[in-house]
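Right, one structure below, let's go through it.
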Amino acid sequence: MVSRSFFKSGHTPTLLSAFLYFDLSFMTWVLLGPLGVAIAKDFGLTPAQKGFMVAVPVLSGAILRLGAGLLVDHIGPKKTGLIGQLIVLLGLAVAWFLGVHSYHQVLALGVVLGVAGASFAVALPLASRWYPPEHQGLALGIAGAGNSGTALAALFAPGLAQVFGWQNVIGLAALPLAIAFVVYLVFAKDAPNRPPPKSFAEYMSVLKTRDAWWLMGLYSVTFGGFVGLSSSLTIYFNSEYGMPAVQAGFFTAACVFAGSFLRPVGGGLADRFGGVRTLSVVYVLAALGLALASFQQSSPWLALALIMFAMMALGAGNGAVFQLAPQRFGKEIGVVTGLVGMTGGIGGFYLASSLGWAKQVTGSYQIGLLAFAALALMALAGLAGVKARWRRTWPELAGAALRL
């Protein structure tokens with residue numbers, strides 16, 4: 001799947017720097033999820049409050065991705081990434097130094113953590129612009145595999161919170177981020193073919209294109225499902241199966257690693273077989289996994305297997321969507337990445353908050369999971385309706401043969 005031409009055609013230090021920046025930013029973005037059990041105990045939160053708490057950083061990151069995408073096209077991805085990393089480092093330092101003393105302050109911290117989530121709109125264009133169309137799926141899959149950072153948070157945050165207290169974990173998170181900042185500063189480079197800056201109206205003109213809205217909708221399901229579950233699973237396993245926070249974090253990390261590993265695989269499969277074909281399979285498998293997981297299993301290990309299955313499908317779907325996006329919007333990839341990433345985050349906000357609401361109202365997460373499975377089937381139906389037009393018109397717009 002990885003050829004010599006892939007390494008010759010791009011810039012490997014930038015690709016790896018983008019991955020590290022994205023990885024540790026995502027670790028920080030979902031930090032409240034793995035810390036959620038400890039935070040909820042300190043502040044006596046209801047299931048709905050817990051769901052909203054882990055959903056706020058997702059929504060904040062979703063909204064900020066649009067601004068990050070605009071800055072990427074205007075000042076370049078490297079400068080945009082440096083600014084974002086400094087804001088997050090400062091926010092973590094202030095929160096640790098002053099302390100977090102109420103549920104509302106937790107929500108305020110969640111808004112700041114959303115800046116880390118906006119890294120998606122920076123890291124992907126930074127990598128994408130170095131690679132030709134035939135390697136976009138794999139390049140963006142590797143950079144996008146940085147969403148495995150959510151697993152790092154799930155692995156280490158609950159255990160560190162037991163030893164040092166959850167508030168000190170906020171300060172400790174700044175240490176790996178500082179290392180990533182230095183690596184990014186030294187090794188990341190903007191591609192020489194960066195398009196010239198455009199006006200805001202020109203940026204937003206992409207919203208007049210139906211294809212942009214379709215990509216946004218498709219990604220709201222694949223990435224929305226991935227990040228929504230990543231943020232919620234520690235609380236889910238603790239609530240449904242009475243697991244200690246550390247063990248629930250390990251289960252969450254296993255699910256996240258599975259989904260993250262499949263992102264570059266999904267991008268590579270899309271390069272080979274086409275993004276439309278890959279996504280069609282992905283939505284069926286994701287809907288099946290989520291529907292089965294909605295019925296509380298007798299064993300947490302069976303629940304783990306079903307959720308891992310769904311996360312693997314969603315992870316592959318993330319890679320497949322971003323095999324399609326640069327083929328259609330190569331010149332506007334910065335703002336399109338921001339827009340598509342924004343709706344992906346909104347999907348995650350919906351899933352995380354709806355799971356908490358479902359648990360509080362019905363005593364079960366089933367309705368929330370089944371509703372998202374239905375959204376995956378709706379995305380499949382929409383994709384089936386547009387694929388013929390895409391295969392006919394996209395090569396004409398690109399002036400080249402495309403793998404759809």
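Scheme for the structure tokens: letters A, B, ... for chains in order shown; per-chain residue numbers from 1; ligand numbers from 1 in order shown.
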Output as CSV one row per residue of range 180-220 of chain A within 10 Å of range 13-17 of chain A: the closest atom pair and its distance in Å to one decimal place, counting only C-alpha atoms, sorted by chain and residue number ascending.
```
residue,atom,partner,partner_atom,distance
A:Ala180,CA,A:Ser17,CA,7.8
A:Phe181,CA,A:Ser17,CA,9.2
A:Val182,CA,A:Ser17,CA,9.8
A:Val183,CA,A:Ser17,CA,6.5
A:Tyr184,CA,A:Ser17,CA,5.3
A:Leu185,CA,A:Ser17,CA,8.9
A:Val186,CA,A:Ser17,CA,9.0
A:Phe187,CA,A:Pro13,CA,5.8
A:Ala188,CA,A:Thr14,CA,4.3
A:Lys189,CA,A:Thr14,CA,5.9
A:Asp190,CA,A:Thr14,CA,8.2
A:Ala191,CA,A:Thr14,CA,9.1
```
Tell me, counting only C-alpha atoms, for each residue of range 263-371 of chain A within 9 Å of range 42-64 of chain A, which pair of atoms is nearest and how far apart they are in Å to one decimal, in rows ordered by chain and increasing number, as a tab-separated table.
```
residue	atom	partner	partner_atom	distance
A:Gly338	CA	A:Leu64	CA	8.3
A:Leu339	CA	A:Ala62	CA	8.6
A:Gly341	CA	A:Ala62	CA	6.5
A:Met342	CA	A:Ala62	CA	4.0
A:Thr343	CA	A:Ala62	CA	6.6
A:Gly344	CA	A:Ala62	CA	7.1
A:Gly345	CA	A:Ala62	CA	4.4
A:Ile346	CA	A:Leu59	CA	5.7
A:Gly347	CA	A:Leu59	CA	8.7
A:Gly348	CA	A:Val58	CA	6.4
A:Phe349	CA	A:Ala55	CA	4.8
A:Tyr350	CA	A:Ala55	CA	7.6
A:Leu351	CA	A:Ala55	CA	8.2
A:Ala352	CA	A:Ala55	CA	5.4
A:Ser353	CA	A:Gly51	CA	4.6
A:Ser354	CA	A:Gly51	CA	7.3
A:Leu355	CA	A:Gly51	CA	6.6
A:Gly356	CA	A:Gly51	CA	4.2
A:Trp357	CA	A:Ala48	CA	4.8
A:Ala358	CA	A:Ala48	CA	8.0
A:Lys359	CA	A:Pro47	CA	6.3
A:Gln360	CA	A:Pro47	CA	5.4
A:Val361	CA	A:Ala48	CA	8.6
```
Legend entry - Residues near Ala116 in chain A, cut-off 12 Å, only C-alpha atoms, skip fewer than 4 positions along chain, as a count of residues only: 48
With a distance cut-off of 8 Å and only C-alpha atoms, select the neighbouring residues of Val246 in chain A, excluding the residue or stretch itself and same-chain residues fewer than 3 positions from it, and output the selection as a PDB file with N, CA and C atoms, in the first residue's frame.
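Saved to out28.pdb:
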```pdb
ATOM      1  N   LEU A 155      -5.785   6.192  27.977  1.00  0.00           N
ATOM      2  CA  LEU A 155      -4.836   5.292  28.627  1.00  0.00           C
ATOM      3  C   LEU A 155      -4.253   5.873  29.911  1.00  0.00           C
ATOM      4  N   PRO A 158      -6.882   8.702  33.370  1.00  0.00           N
ATOM      5  CA  PRO A 158      -7.526   8.207  34.603  1.00  0.00           C
ATOM      6  C   PRO A 158      -6.516   7.762  35.665  1.00  0.00           C
ATOM      7  N   GLY A 159      -5.458   7.060  35.262  1.00  0.00           N
ATOM      8  CA  GLY A 159      -4.449   6.618  36.221  1.00  0.00           C
ATOM      9  C   GLY A 159      -3.699   7.782  36.846  1.00  0.00           C
ATOM     10  N   GLY A 249     -10.878   3.405  31.021  1.00  0.00           N
ATOM     11  CA  GLY A 249      -9.973   4.114  30.118  1.00  0.00           C
ATOM     12  C   GLY A 249      -9.227   3.165  29.200  1.00  0.00           C
ATOM     13  N   PHE A 250      -8.822   2.006  29.713  1.00  0.00           N
ATOM     14  CA  PHE A 250      -8.147   1.010  28.870  1.00  0.00           C
ATOM     15  C   PHE A 250      -9.081   0.502  27.769  1.00  0.00           C
TER      16      PHE A 250
END
```
Legend entry - Which of A:Gly317, A:Gly171, A:Gly274, A:Pro196 sits closest to Leu215 in chain A [using only C-alpha atoms]: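 Among the listed residues, A:Gly317 lies closest to Leu215 in chain A.
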Inset, instruction - Would you please work out which residue, of A:Gly268, A:Gly275, A:Gly385, A:Pro125, is nearest to Phe329 in chain A when using only C-alpha atoms? - result: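 Looking only at the distances to Phe329 in chain A, the closest residue turns out to be A:Pro125.
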Inset, instruction - Return the single residue from A:Leu98, A:Ala245, A:Met204, A:Val335 that is closest to Ile39 in chain A, with distances computed using only C-alpha atoms. - result: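 Nearest to Ile39 in chain A: A:Ala245.
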Inset, instruction - Among the residues of range 186-323 of chain A, find those DSSP assigns to helix (DSSP H, G or I) from the backbone and print them as a ChimeraX atom specification. - result: /A:186-187,200-208,210-241,245-273,275-293,300-323
Inset, instruction - For CA of Val281 in chain A and CA of Ala293 in chain A, quote the distance in Å rounded to one decimal. - result: 18.5 Å
